[in-house]
file start-v4.txt (compact mmCIF, C-alpha atoms and all ligand atoms)
# COMPACT_ATOMS: atom_id res chain seq x y z
CA MET K 1 0.00 0.00 0.00
CA ALA K 2 1.35 3.44 -0.95
CA LEU K 3 2.22 5.74 1.90
CA SER K 4 -0.34 8.35 0.82
CA ASN K 5 -3.06 5.71 0.83
CA ARG K 6 -2.00 4.59 4.27
CA LEU K 7 -2.04 8.18 5.48
CA THR K 8 -5.52 8.69 4.05
CA LEU K 9 -6.70 5.55 5.81
CA THR K 10 -5.11 6.63 9.09
CA LEU K 11 -6.79 10.02 8.81
CA ALA K 12 -10.10 8.34 8.03
CA THR K 13 -9.70 6.10 11.08
CA ALA K 14 -8.85 9.11 13.24
CA ALA K 15 -11.91 10.96 11.96
CA LEU K 16 -14.05 7.92 12.71
CA LEU K 17 -12.65 7.64 16.22
CA SER K 18 -13.23 11.29 16.95
CA ALA K 19 -16.75 10.92 15.52
CA CYS K 20 -17.29 8.07 17.99
CA THR K 21 -16.29 10.23 20.91
CA THR K 22 -18.56 13.07 19.79
CA VAL K 23 -21.78 11.16 19.24
CA ALA K 24 -24.67 13.60 19.33
CA ALA K 25 -26.86 13.65 22.41
CA PRO K 26 -29.87 11.44 21.60
CA HIS K 27 -33.57 12.05 22.24
CA GLY K 28 -33.12 15.73 22.97
CA VAL K 29 -31.27 15.30 26.27
CA SER K 30 -29.07 18.24 27.22
CA ALA K 31 -25.36 18.32 26.43
CA GLU K 32 -24.66 18.30 30.17
CA THR K 33 -26.80 15.17 30.75
CA TRP K 34 -25.17 13.44 27.81
CA ALA K 35 -21.70 14.25 29.15
CA ILE K 36 -22.60 12.79 32.56
CA HIS K 37 -24.27 9.75 30.98
CA GLN K 38 -21.16 9.05 28.94
CA ARG K 39 -18.92 9.34 32.01
CA LEU K 40 -21.00 6.73 33.87
CA MET K 41 -20.39 3.03 33.42
CA THR K 42 -23.81 1.82 32.30
CA LEU K 43 -24.81 -1.83 32.57
CA ASP K 44 -28.18 -3.37 31.81
CA THR K 45 -28.63 -6.65 33.73
CA HIS K 46 -30.88 -8.42 31.24
CA LEU K 47 -30.11 -8.19 27.51
CA ASP K 48 -32.14 -10.83 25.64
CA THR K 49 -30.46 -10.09 22.29
CA PRO K 50 -28.52 -13.42 22.13
CA ALA K 51 -31.84 -15.14 21.35
CA PHE K 52 -31.37 -13.70 17.81
CA PHE K 53 -27.78 -14.94 17.41
CA ASP K 54 -28.51 -18.54 16.48
CA THR K 55 -31.67 -18.05 14.42
CA VAL K 56 -31.61 -19.18 10.77
CA ARG K 57 -30.92 -15.55 9.75
CA GLY K 58 -28.40 -14.78 12.49
CA TYR K 59 -28.11 -11.22 13.80
CA ASP K 60 -25.36 -8.81 12.86
CA ILE K 61 -24.62 -6.98 16.09
CA MET K 62 -22.53 -4.43 14.13
CA GLU K 63 -25.46 -3.39 11.92
CA ARG K 64 -27.77 -0.60 13.06
CA HIS K 65 -31.28 -2.02 13.08
CA ASP K 66 -34.55 -0.07 13.24
CA VAL K 67 -36.86 -0.90 16.14
CA GLU K 68 -39.86 0.39 14.19
CA ARG K 69 -39.10 -2.13 11.44
CA ASP K 70 -37.96 -5.31 13.19
CA GLY K 71 -38.62 -4.61 16.85
CA SER K 72 -34.97 -5.24 17.82
CA GLN K 73 -33.56 -2.95 20.47
CA VAL K 74 -29.84 -3.64 20.94
CA ASP K 75 -26.85 -3.58 18.59
CA TYR K 76 -23.39 -2.03 18.69
CA PRO K 77 -24.25 1.23 16.87
CA ARG K 78 -27.19 1.82 19.18
CA MET K 79 -25.08 0.99 22.25
CA VAL K 80 -22.81 3.84 21.13
CA GLU K 81 -25.77 6.15 20.38
CA GLY K 82 -27.46 5.47 23.73
CA GLY K 83 -24.32 5.28 25.82
CA LEU K 84 -24.80 1.67 26.98
CA ASP K 85 -21.47 0.18 28.06
CA GLY K 86 -22.61 -3.42 28.35
CA GLY K 87 -24.44 -5.77 30.61
CA PHE K 88 -25.50 -9.33 31.21
CA TRP K 89 -26.22 -11.09 27.91
CA VAL K 90 -28.79 -13.77 28.48
CA ILE K 91 -28.88 -17.49 27.75
CA TYR K 92 -32.66 -17.88 27.74
CA MET K 93 -34.47 -21.15 27.22
CA GLY K 94 -38.25 -21.58 27.19
CA GLN K 95 -39.71 -24.05 29.65
CA GLY K 96 -40.47 -27.56 28.37
CA PRO K 97 -41.43 -30.92 29.84
CA LEU K 98 -39.66 -32.14 32.98
CA THR K 99 -38.49 -35.32 31.26
CA PRO K 100 -35.05 -36.76 30.42
CA GLU K 101 -35.67 -36.00 26.74
CA GLY K 102 -36.82 -32.44 27.48
CA TYR K 103 -33.73 -31.84 29.62
CA ARG K 104 -31.38 -33.25 26.97
CA ASN K 105 -32.78 -31.09 24.16
CA VAL K 106 -32.67 -27.87 26.14
CA ARG K 107 -29.20 -28.58 27.55
CA ASP K 108 -27.71 -28.68 24.06
CA ALA K 109 -29.56 -25.57 22.91
CA ALA K 110 -28.41 -23.65 26.01
CA LEU K 111 -24.77 -24.68 25.55
CA LEU K 112 -24.97 -23.55 21.91
CA ARG K 113 -26.45 -20.20 23.00
CA ALA K 114 -23.48 -19.66 25.31
CA VAL K 115 -21.18 -20.48 22.39
CA ALA K 116 -23.11 -18.03 20.18
CA ILE K 117 -22.38 -15.20 22.65
CA HIS K 118 -18.67 -16.09 22.64
CA LYS K 119 -18.69 -16.21 18.83
CA MET K 120 -20.27 -12.74 18.67
CA VAL K 121 -17.49 -11.36 20.88
CA ALA K 122 -14.77 -13.27 19.02
CA ALA K 123 -16.00 -11.86 15.70
CA ASN K 124 -15.81 -8.29 17.04
CA PRO K 125 -12.75 -8.20 19.30
CA ASP K 126 -12.28 -4.43 18.99
CA GLU K 127 -15.83 -3.70 20.10
CA PHE K 128 -16.71 -6.33 22.72
CA GLU K 129 -15.00 -8.27 25.49
CA ILE K 130 -16.16 -11.09 27.75
CA ALA K 131 -16.18 -10.10 31.44
CA LEU K 132 -15.54 -12.79 34.02
CA ASN K 133 -15.19 -10.97 37.32
CA ALA K 134 -16.22 -7.75 39.05
CA ALA K 135 -13.01 -5.89 38.22
CA ASP K 136 -13.40 -6.65 34.49
CA ALA K 137 -16.28 -4.17 34.15
CA ALA K 138 -14.20 -1.06 34.86
CA ARG K 139 -11.14 -2.46 33.09
CA ILE K 140 -13.03 -3.21 29.86
CA ASN K 141 -14.97 0.05 30.09
CA ALA K 142 -11.70 1.99 30.23
CA THR K 143 -10.68 0.46 26.89
CA GLY K 144 -13.89 1.71 25.25
CA LYS K 145 -15.08 -1.80 24.46
CA LYS K 146 -18.52 -3.06 25.41
CA ILE K 147 -18.81 -5.33 28.44
CA VAL K 148 -20.24 -8.83 27.97
CA TYR K 149 -21.16 -10.75 31.10
CA LEU K 150 -23.15 -13.96 30.57
CA SER K 151 -26.27 -14.89 32.51
CA ILE K 152 -28.85 -17.66 32.51
CA GLU K 153 -32.59 -17.07 32.45
CA ASN K 154 -34.31 -20.35 33.34
CA SER K 155 -32.01 -23.10 34.59
CA TYR K 156 -34.35 -25.78 33.22
CA GLU K 157 -31.40 -26.87 31.05
CA LEU K 158 -29.54 -28.20 34.08
CA GLY K 159 -32.04 -31.07 34.15
CA GLU K 160 -31.32 -33.07 37.27
CA ASP K 161 -27.56 -32.57 37.00
CA LEU K 162 -26.26 -29.64 39.04
CA SER K 163 -22.72 -30.22 37.76
CA LEU K 164 -23.87 -28.51 34.56
CA LEU K 165 -23.95 -25.25 36.55
CA ASP K 166 -20.18 -25.66 36.91
CA THR K 167 -19.95 -26.12 33.12
CA PHE K 168 -21.89 -22.91 32.51
CA TYR K 169 -19.67 -21.12 35.04
CA LYS K 170 -16.65 -22.28 33.02
CA LEU K 171 -18.38 -20.88 29.92
CA GLY K 172 -18.48 -17.51 31.66
CA VAL K 173 -21.89 -17.42 33.35
CA ARG K 174 -21.85 -15.11 36.40
CA MET K 175 -25.59 -14.65 37.04
CA ALA K 176 -28.33 -17.29 36.97
CA GLY K 177 -32.02 -17.55 37.73
CA PRO K 178 -33.73 -20.87 38.38
CA VAL K 179 -37.00 -20.50 36.50
CA HIS K 180 -39.00 -18.72 33.78
CA ASN K 181 -42.66 -19.15 32.76
CA GLY K 182 -43.62 -22.57 34.09
CA SER K 183 -42.59 -23.96 37.46
CA ASN K 184 -39.75 -26.43 36.99
CA GLN K 185 -37.47 -28.86 38.80
CA LEU K 186 -35.85 -26.00 40.74
CA ALA K 187 -38.51 -23.49 41.70
CA ASP K 188 -42.06 -22.22 41.40
CA SER K 189 -42.65 -19.55 38.78
CA THR K 190 -44.79 -16.42 38.93
CA ASN K 191 -46.56 -18.07 36.01
CA PRO K 192 -46.90 -21.73 37.14
CA GLY K 193 -48.12 -23.49 33.95
CA PRO K 194 -47.35 -25.55 31.87
CA ASN K 195 -45.94 -28.09 34.32
CA PRO K 196 -48.56 -28.73 36.96
CA PRO K 197 -48.64 -30.34 39.44
CA VAL K 198 -45.17 -28.92 40.27
CA ASN K 199 -45.73 -26.81 43.35
CA TRP K 200 -42.81 -26.58 45.74
CA GLY K 201 -44.03 -23.69 47.87
CA GLY K 202 -40.92 -21.81 46.65
CA LEU K 203 -37.70 -23.68 45.89
CA SER K 204 -37.55 -27.46 45.38
CA PRO K 205 -34.95 -29.50 47.31
CA MET K 206 -32.77 -29.36 44.16
CA GLY K 207 -33.44 -25.61 43.97
CA LYS K 208 -31.95 -25.22 47.44
CA ASP K 209 -28.85 -27.15 46.36
CA TYR K 210 -28.73 -24.89 43.28
CA VAL K 211 -28.56 -21.81 45.51
CA ARG K 212 -25.70 -23.34 47.51
CA ARG K 213 -23.77 -24.38 44.37
CA ALA K 214 -24.23 -20.93 42.76
CA ASN K 215 -22.77 -19.40 45.94
CA GLU K 216 -19.83 -21.80 45.87
CA LEU K 217 -19.12 -20.92 42.24
CA GLY K 218 -19.40 -17.14 42.75
CA ILE K 219 -22.53 -16.77 40.60
CA ILE K 220 -25.09 -14.04 41.45
CA LEU K 221 -28.56 -15.54 42.00
CA ASP K 222 -31.37 -13.92 40.02
CA GLY K 223 -34.92 -14.12 41.39
CA SER K 224 -36.76 -12.62 38.39
CA HIS K 225 -39.56 -14.96 37.23
CA ALA K 226 -39.42 -16.94 40.49
CA SER K 227 -42.50 -16.78 42.72
CA ASP K 228 -42.38 -14.36 45.64
CA ALA K 229 -41.99 -17.35 48.02
CA ALA K 230 -39.05 -18.67 45.97
CA ILE K 231 -37.44 -15.20 45.92
CA GLU K 232 -37.77 -14.94 49.69
CA GLN K 233 -36.18 -18.38 50.15
CA MET K 234 -33.34 -17.39 47.80
CA ILE K 235 -32.72 -14.28 49.92
CA ASP K 236 -32.75 -16.39 53.10
CA LEU K 237 -30.58 -19.23 51.78
CA SER K 238 -28.06 -17.36 49.67
CA ALA K 239 -24.74 -16.56 51.30
CA THR K 240 -24.47 -13.39 49.17
CA PRO K 241 -27.01 -10.73 48.09
CA ILE K 242 -29.33 -11.67 45.23
CA ILE K 243 -30.59 -9.67 42.25
CA LEU K 244 -33.95 -9.25 40.58
CA SER K 245 -32.44 -8.58 37.15
CA HIS K 246 -35.60 -7.36 35.37
CA HIS K 247 -38.42 -6.79 37.80
CA GLY K 248 -41.03 -4.30 38.99
CA ALA K 249 -42.70 -3.02 42.14
CA ASP K 250 -46.27 -3.98 43.02
CA HIS K 251 -47.15 -0.69 44.63
CA LEU K 252 -48.20 1.17 41.45
CA ASN K 253 -49.39 -1.92 39.54
CA GLU K 254 -49.93 -5.23 41.28
CA HIS K 255 -48.62 -7.92 38.92
CA PRO K 256 -47.05 -11.36 39.49
CA ARG K 257 -43.75 -10.10 37.94
CA ASN K 258 -43.64 -7.21 40.40
CA ALA K 259 -42.61 -7.59 44.03
CA PRO K 260 -44.49 -6.30 47.07
CA ASP K 261 -42.88 -3.59 49.20
CA ALA K 262 -42.07 -5.94 52.10
CA LEU K 263 -40.14 -8.31 49.83
CA LEU K 264 -38.23 -5.45 48.21
CA LYS K 265 -37.31 -4.10 51.63
CA LYS K 266 -36.08 -7.53 52.71
CA LEU K 267 -34.08 -7.85 49.47
CA ALA K 268 -32.42 -4.50 50.15
CA MET K 269 -31.85 -5.20 53.84
CA ARG K 270 -29.79 -8.25 52.80
CA GLY K 271 -27.81 -6.14 50.32
CA GLY K 272 -29.71 -7.16 47.19
CA VAL K 273 -30.70 -5.10 44.15
CA ILE K 274 -33.78 -4.74 41.94
CA HIS K 275 -33.17 -3.76 38.31
CA MET K 276 -36.27 -2.12 36.89
CA ASN K 277 -38.10 -3.76 34.01
CA ALA K 278 -39.63 -1.66 31.20
CA LEU K 279 -42.16 -4.24 30.01
CA GLY K 280 -45.38 -2.28 29.56
CA SER K 281 -47.97 -4.63 31.07
CA PHE K 282 -45.93 -4.93 34.29
CA ILE K 283 -46.11 -1.15 34.61
CA LYS K 284 -49.83 -0.69 34.03
CA PRO K 285 -52.78 -2.64 32.61
CA LEU K 286 -52.71 -2.28 28.83
CA PRO K 287 -55.92 -3.59 27.28
CA GLN K 288 -55.62 -3.96 23.49
CA THR K 289 -58.52 -3.66 21.04
CA LYS K 290 -60.21 -6.84 19.88
CA GLU K 291 -59.29 -5.91 16.30
CA ARG K 292 -55.60 -5.80 17.19
CA THR K 293 -55.70 -9.01 19.22
CA ASP K 294 -57.49 -10.87 16.42
CA ALA K 295 -55.10 -9.53 13.78
CA MET K 296 -52.05 -10.49 15.85
CA THR K 297 -53.41 -14.01 16.38
CA ALA K 298 -53.97 -14.37 12.64
CA LEU K 299 -50.46 -13.08 11.87
CA ARG K 300 -48.86 -15.53 14.31
CA THR K 301 -50.91 -18.42 12.95
CA LYS K 302 -49.84 -17.54 9.41
CA TRP K 303 -46.10 -17.12 10.07
CA GLY K 304 -45.32 -19.15 13.20
CA ASN K 305 -42.21 -18.23 15.17
CA PRO K 306 -40.49 -15.37 13.25
CA ASN K 307 -37.08 -16.61 14.46
CA THR K 308 -37.49 -19.64 12.20
CA LEU K 309 -38.11 -17.59 9.01
CA GLU K 310 -35.48 -17.26 6.30
CA SER K 311 -34.56 -13.70 5.32
CA ALA K 312 -36.93 -13.19 2.37
CA ARG K 313 -39.95 -14.56 4.20
CA TYR K 314 -38.94 -12.65 7.34
CA GLU K 315 -39.04 -9.37 5.38
CA GLN K 316 -42.55 -10.25 4.14
CA TYR K 317 -43.57 -10.97 7.72
CA LEU K 318 -42.16 -7.60 8.84
CA ASP K 319 -44.12 -5.86 6.06
CA GLU K 320 -47.33 -7.42 7.34
CA LEU K 321 -46.49 -6.69 10.98
CA GLY K 322 -45.74 -3.05 10.10
CA ALA K 323 -49.08 -2.70 8.28
CA LEU K 324 -50.88 -4.29 11.23
CA ASN K 325 -49.25 -1.93 13.73
CA LYS K 326 -50.26 1.02 11.59
CA GLN K 327 -53.85 -0.13 11.26
CA PHE K 328 -54.29 -1.24 14.88
CA PRO K 329 -51.73 0.65 17.00
CA GLU K 330 -50.51 -1.02 20.18
CA ASN K 331 -51.64 0.45 23.51
CA ARG K 332 -48.33 1.11 25.25
CA ALA K 333 -47.14 2.39 28.60
CA THR K 334 -44.97 5.52 28.45
CA PHE K 335 -41.47 6.40 29.58
CA GLU K 336 -42.97 8.55 32.35
CA ASP K 337 -45.05 5.56 33.59
CA TYR K 338 -41.75 3.65 33.85
CA MET K 339 -40.03 6.46 35.70
CA GLN K 340 -42.88 6.59 38.24
CA GLN K 341 -42.09 2.91 39.05
CA VAL K 342 -38.37 3.63 39.15
CA LEU K 343 -38.74 6.71 41.38
CA TYR K 344 -41.12 4.91 43.73
CA THR K 345 -38.71 2.00 44.11
CA ILE K 346 -35.69 4.24 44.71
CA LYS K 347 -37.61 6.05 47.46
CA LEU K 348 -38.61 2.68 48.98
CA VAL K 349 -35.20 0.94 49.07
CA GLY K 350 -32.58 3.59 48.24
CA VAL K 351 -30.02 4.17 45.51
CA ASP K 352 -27.81 1.28 46.70
CA HIS K 353 -30.51 -1.23 45.80
CA VAL K 354 -31.90 -0.17 42.39
CA GLY K 355 -30.64 -0.49 38.83
CA PHE K 356 -31.88 -0.99 35.28
CA GLY K 357 -32.76 -4.19 33.43
CA ALA K 358 -35.35 -3.06 30.93
CA ASP K 359 -35.88 -6.45 29.21
CA TRP K 360 -34.54 -5.20 25.88
CA ASP K 361 -35.23 -7.72 23.13
CA GLY K 362 -37.33 -9.65 25.63
CA GLY K 363 -40.54 -7.63 25.71
CA GLY K 364 -39.34 -4.32 27.18
CA GLY K 365 -39.82 -0.95 25.51
CA LEU K 366 -42.35 1.87 25.88
CA ASP K 367 -43.59 4.97 24.11
CA GLY K 368 -40.64 7.36 24.21
CA PHE K 369 -38.35 4.50 25.27
CA ARG K 370 -38.38 2.13 22.33
CA ASP K 371 -34.77 0.99 22.30
CA ILE K 372 -31.44 1.55 24.06
CA THR K 373 -30.83 4.86 22.29
CA ALA K 374 -33.31 6.33 24.81
CA LEU K 375 -31.27 5.35 27.90
CA PRO K 376 -29.89 8.87 28.56
CA LYS K 377 -33.47 9.93 29.28
CA ILE K 378 -33.26 7.93 32.52
CA THR K 379 -30.14 9.84 33.51
CA GLU K 380 -31.82 13.14 32.64
CA ARG K 381 -34.98 12.33 34.61
CA LEU K 382 -33.03 11.22 37.71
CA LEU K 383 -30.79 14.31 37.63
CA LYS K 384 -33.95 16.41 37.45
CA GLU K 385 -35.21 14.64 40.60
CA GLY K 386 -32.04 15.68 42.39
CA TYR K 387 -30.05 12.43 42.30
CA THR K 388 -26.31 12.99 42.01
CA GLU K 389 -23.80 11.57 39.58
CA ALA K 390 -22.54 9.34 42.42
CA ASP K 391 -26.10 8.02 42.96
CA LEU K 392 -26.40 7.37 39.25
CA ALA K 393 -23.07 5.55 39.15
CA LYS K 394 -24.42 3.06 41.69
CA MET K 395 -27.70 2.49 39.87
CA TRP K 396 -26.17 2.32 36.38
CA GLY K 397 -23.63 -0.37 37.28
CA GLY K 398 -21.97 0.02 40.66
CA ASN K 399 -24.62 -1.97 42.52
CA VAL K 400 -24.50 -5.05 40.34
CA VAL K 401 -20.71 -5.01 40.30
CA ARG K 402 -20.86 -4.89 44.12
CA LEU K 403 -23.00 -8.05 44.07
CA LEU K 404 -20.56 -9.78 41.78
CA LYS K 405 -17.66 -8.83 44.06
CA ALA K 406 -19.57 -10.22 47.06
CA ALA K 407 -20.16 -13.47 45.17
CA GLU K 408 -16.47 -13.69 44.23
CA ASP K 409 -15.31 -12.92 47.74
CA TYR K 410 -17.55 -15.62 49.17
CA LYS K 411 -16.14 -18.13 46.70
CA ALA K 412 -12.57 -17.07 47.52
CA GLY K 413 -13.30 -17.42 51.25
CA LEU K 414 -14.31 -21.02 50.74
CA GLY K 415 -10.86 -21.72 49.29
CA LYS K 416 -12.36 -24.02 46.65
ZN ZN C 1 -37.60 -12.44 31.56
call {"tool": "encode", "arguments": {"input": "start-v4.txt", "output": "structure tokens"}}
result
Amino acid sequence: MALSNRLTLTLATAALLSACTTVAAPHGVSAETWAIHQRLMTLDTHLDTPAFFDTVRGYDIMERHDVERDGSQVDYPRMVEGGLDGGFWVIYMGQGPLTPEGYRNVRDAALLRAVAIHKMVAANPDEFEIALNAADAARINATGKKIVYLSIENSYELGEDLSLLDTFYKLGVRMAGPVHNGSNQLADSTNPGPNPPVNWGGLSPMGKDYVRRANELGIILDGSHASDAAIEQMIDLSATPIILSHHGADHLNEHPRNAPDALLKKLAMRGGVIHMNALGSFIKPLPQTKERTDAMTALRTKWGNPNTLESARYEQYLDELGALNKQFPENRATFEDYMQQVLYTIKLVGVDHVGFGADWDGGGGLDGFRDITALPKITERLLKEGYTEADLAKMWGGNVVRLLKAAEDYKAGLGK
């Protein structure tokens, strides 16, 4: 390559880098808010985006997607635009039958999902890095790369073999929740079907062993999707503080996926943290018109699971979904509804016990808060309420890193 060409390329790279550091403030937030937001280390504790990684189409994390077109909410360009530094990238598996065959199938899918997260990072080594301990968050953040912790949502895939939790730990998992929709071999769910008559009154005997093993490994326990009784038992049994990684508060909208005040206070008293979910129906009742419900049912019947559609058919599906949304708009909660939940919860338990886990790519997203580019609005709203940059640093990442450090320290103290 000629020197002049090299120089041109170097200049182009420099221009690109400086463009990256001067990303415009999004969503009309002030320059001052944007500067503070960018100084903070921001972690979301529940990024469901990896569910797209091993679909037939795959998902290019480096491409900027449009939430209004495909509903996706997280990719690298939007992490830059919204000032999101990373988070816990989820290995999610839907609940299936509690049978040897069911366990075997889901185990393999979950292991492959973990591999898919590693492959995403390996393909983009200048943009992302796997984080394995509490100190990694600040270290990776200082390099400008995005932070990738791994977490498990629904430990159904462990089957009846707890040693698989060790395997997932070795694959990088540092946060894990026992259950999703459907009570399973480990715990009761907030949404007990489809596996009746499982009813443990909280954690199963294996679920209690799971808590102990997670502690021994230095994994943060996540109570989101577990029943209130199971959450309370996790708080009582766990040697280190637990998290509710994407959760709400009952006070403003009683809902199974929200926790009552007494439970949140107990969580906080034991050092735990609730990360606030932005899934509309947890925030307020959102009745939809019959026309919309019927049209959505027809669309789903026609296309099946969109994750199984090849690209051309997927685009056709998106065309039809877009037309449907235009004809029968969705009744959505608003960003301000979300902030009322957030502000209530901060007042209840304090800034040391609240964070953000908006359920991006897992059902989260509101009017005025459709994807991660809107995250600086949280910073702006909390500054307006009088919270300081130090308060925000705790809620945006400091609290969950503290939990990870506690989990690590407990493990180290065991000398195992
Ligand atoms: Zn969830």
call {"tool": "residues_around", "arguments": {"input": "start-v4.txt", "residues": "Ala226 (chain K)", "least_positions_apart": "2", "cutoff": "7 Å", "atoms": "all atoms listed in the file", "output": "JSON, numbers by chain"}}
result
{"K": [179, 180, 187, 188, 189, 190, 223, 224, 228, 230, 231]}
call {"tool": "closest_residue", "arguments": {"input": "start-v4.txt", "among": "K:Thr379, K:Gln341, K:Asn105, K:Thr388", "to": "Gly82 (chain K)", "atoms": "only C-alpha atoms"}}
result
K:Thr379
call {"tool": "residues_near_ligand", "arguments": {"input": "start-v4.txt", "ligand": "ligand ZN 1 (chain C)", "cutoff": "9 Å", "atoms": "all atoms listed in the file", "output": "mmCIF file with C-alpha atoms, in the coordinates of the input"}}
result
data_model
loop_
_atom_site.group_PDB
_atom_site.id
_atom_site.type_symbol
_atom_site.label_atom_id
_atom_site.label_comp_id
_atom_site.auth_asym_id
_atom_site.auth_seq_id
_atom_site.Cartn_x
_atom_site.Cartn_y
_atom_site.Cartn_z
ATOM 1 C CA HIS K 46 -30.880 -8.420 31.240
ATOM 2 C CA ASP K 48 -32.140 -10.830 25.640
ATOM 3 C CA TYR K 92 -32.660 -17.880 27.740
ATOM 4 C CA GLU K 153 -32.590 -17.070 32.450
ATOM 5 C CA ASN K 154 -34.310 -20.350 33.340
ATOM 6 C CA HIS K 180 -39.000 -18.720 33.780
ATOM 7 C CA ASN K 181 -42.660 -19.150 32.760
ATOM 8 C CA SER K 224 -36.760 -12.620 38.390
ATOM 9 C CA HIS K 225 -39.560 -14.960 37.230
ATOM 10 C CA SER K 245 -32.440 -8.580 37.150
ATOM 11 C CA HIS K 246 -35.600 -7.360 35.370
ATOM 12 C CA HIS K 247 -38.420 -6.790 37.800
ATOM 13 C CA ASP K 359 -35.880 -6.450 29.210
ATOM 14 C CA GLY K 362 -37.330 -9.650 25.630
ATOM 15 C CA GLY K 363 -40.540 -7.630 25.710
#
call {"tool": "residues_around", "arguments": {"input": "start-v4.txt", "residues": "Asp161 (chain K)", "least_positions_apart": "4", "cutoff": "12 Å", "atoms": "only C-alpha atoms", "output": "list in words"}}
result
Pro100, Tyr103, Arg104, Arg107, Ser155, Tyr156, Glu157, Leu165, Asp166, Thr167, Gln185, Leu186, Met206, Gly207, Asp209, Tyr210 and Arg213 of chain K
call {"tool": "closest_residue", "arguments": {"input": "start-v4.txt", "among": "K:Ile378, K:Ala176, K:Leu203, K:Leu40", "to": "Asn141 (chain K)", "atoms": "all atoms listed in the file"}}
result
K:Leu40
call {"tool": "residues_around", "arguments": {"input": "start-v4.txt", "residues": "Trp34 (chain K)", "least_positions_apart": "4", "cutoff": "7 Å", "atoms": "all atoms listed in the file", "output": "JSON, numbers by chain"}}
result
{"K": [25, 29, 30, 38, 376]}
call {"tool": "closest_residue", "arguments": {"input": "start-v4.txt", "among": "K:Leu150, K:Val349, K:Ala295, K:Leu112", "to": "Ala323 (chain K)", "atoms": "all atoms listed in the file"}}
result
K:Ala295
call {"tool": "residues_around", "arguments": {"input": "start-v4.txt", "residues": "Lys405 (chain K)", "least_positions_apart": "4", "cutoff": "8 Å", "atoms": "only C-alpha atoms", "output": "list in words"}}
result
Asn133, Ala134, Val401 and Asp409 of chain K
call {"tool": "write_last_selection", "arguments": {"input": "start-v4.txt", "atoms": "C-alpha atoms", "output": "mmCIF file, in the coordinates of the input"}}
result
data_model
loop_
_atom_site.group_PDB
_atom_site.id
_atom_site.type_symbol
_atom_site.label_atom_id
_atom_site.label_comp_id
_atom_site.auth_asym_id
_atom_site.auth_seq_id
_atom_site.Cartn_x
_atom_site.Cartn_y
_atom_site.Cartn_z
ATOM 1 C CA ASN K 133 -15.190 -10.970 37.320
ATOM 2 C CA ALA K 134 -16.220 -7.750 39.050
ATOM 3 C CA VAL K 401 -20.710 -5.010 40.300
ATOM 4 C CA ASP K 409 -15.310 -12.920 47.740
#
call {"tool": "atom_distance", "arguments": {"input": "start-v4.txt", "atom1": "CA of Ile220 (chain K)", "atom2": "CA of Lys394 (chain K)"}}
result
17.1 Å
call {"tool": "closest_residue", "arguments": {"input": "start-v4.txt", "among": "K:Val80, K:Val351, K:Ala249, K:Leu318", "to": "Glu68 (chain K)", "atoms": "all atoms listed in the file"}}
result
K:Leu318
call {"tool": "decode", "arguments": {"input": "start-v4.txt", "residues": "region 101-108 of chain K", "atoms": "N, CA, C and O atoms", "output": "tab-separated table (two decimals), in the first residue's frame"}}
result
chain	number	residue	atom	x	y	z
K	101	GLU	N	-35.80	-36.48	28.11
K	101	GLU	CA	-35.67	-36.00	26.74
K	101	GLU	C	-35.73	-34.47	26.67
K	101	GLU	O	-34.95	-33.83	25.98
K	102	GLY	N	-36.69	-33.90	27.42
K	102	GLY	CA	-36.82	-32.44	27.48
K	102	GLY	C	-35.53	-31.81	27.99
K	102	GLY	O	-35.03	-30.82	27.42
K	103	TYR	N	-34.97	-32.37	29.03
K	103	TYR	CA	-33.73	-31.84	29.62
K	103	TYR	C	-32.56	-31.91	28.62
K	103	TYR	O	-31.76	-31.00	28.50
K	104	ARG	N	-32.50	-33.04	27.90
K	104	ARG	CA	-31.38	-33.25	26.97
K	104	ARG	C	-31.43	-32.21	25.84
K	104	ARG	O	-30.43	-31.60	25.49
K	105	ASN	N	-32.63	-32.04	25.28
K	105	ASN	CA	-32.78	-31.09	24.16
K	105	ASN	C	-32.40	-29.67	24.58
K	105	ASN	O	-31.69	-28.97	23.87
K	106	VAL	N	-32.89	-29.26	25.74
K	106	VAL	CA	-32.67	-27.87	26.14
K	106	VAL	C	-31.22	-27.66	26.58
K	106	VAL	O	-30.66	-26.59	26.40
K	107	ARG	N	-30.61	-28.69	27.14
K	107	ARG	CA	-29.20	-28.58	27.55
K	107	ARG	C	-28.33	-28.21	26.34
K	107	ARG	O	-27.52	-27.29	26.39
K	108	ASP	N	-28.53	-28.94	25.24
K	108	ASP	CA	-27.71	-28.68	24.06
K	108	ASP	C	-27.96	-27.29	23.49
K	108	ASP	O	-27.02	-26.58	23.11
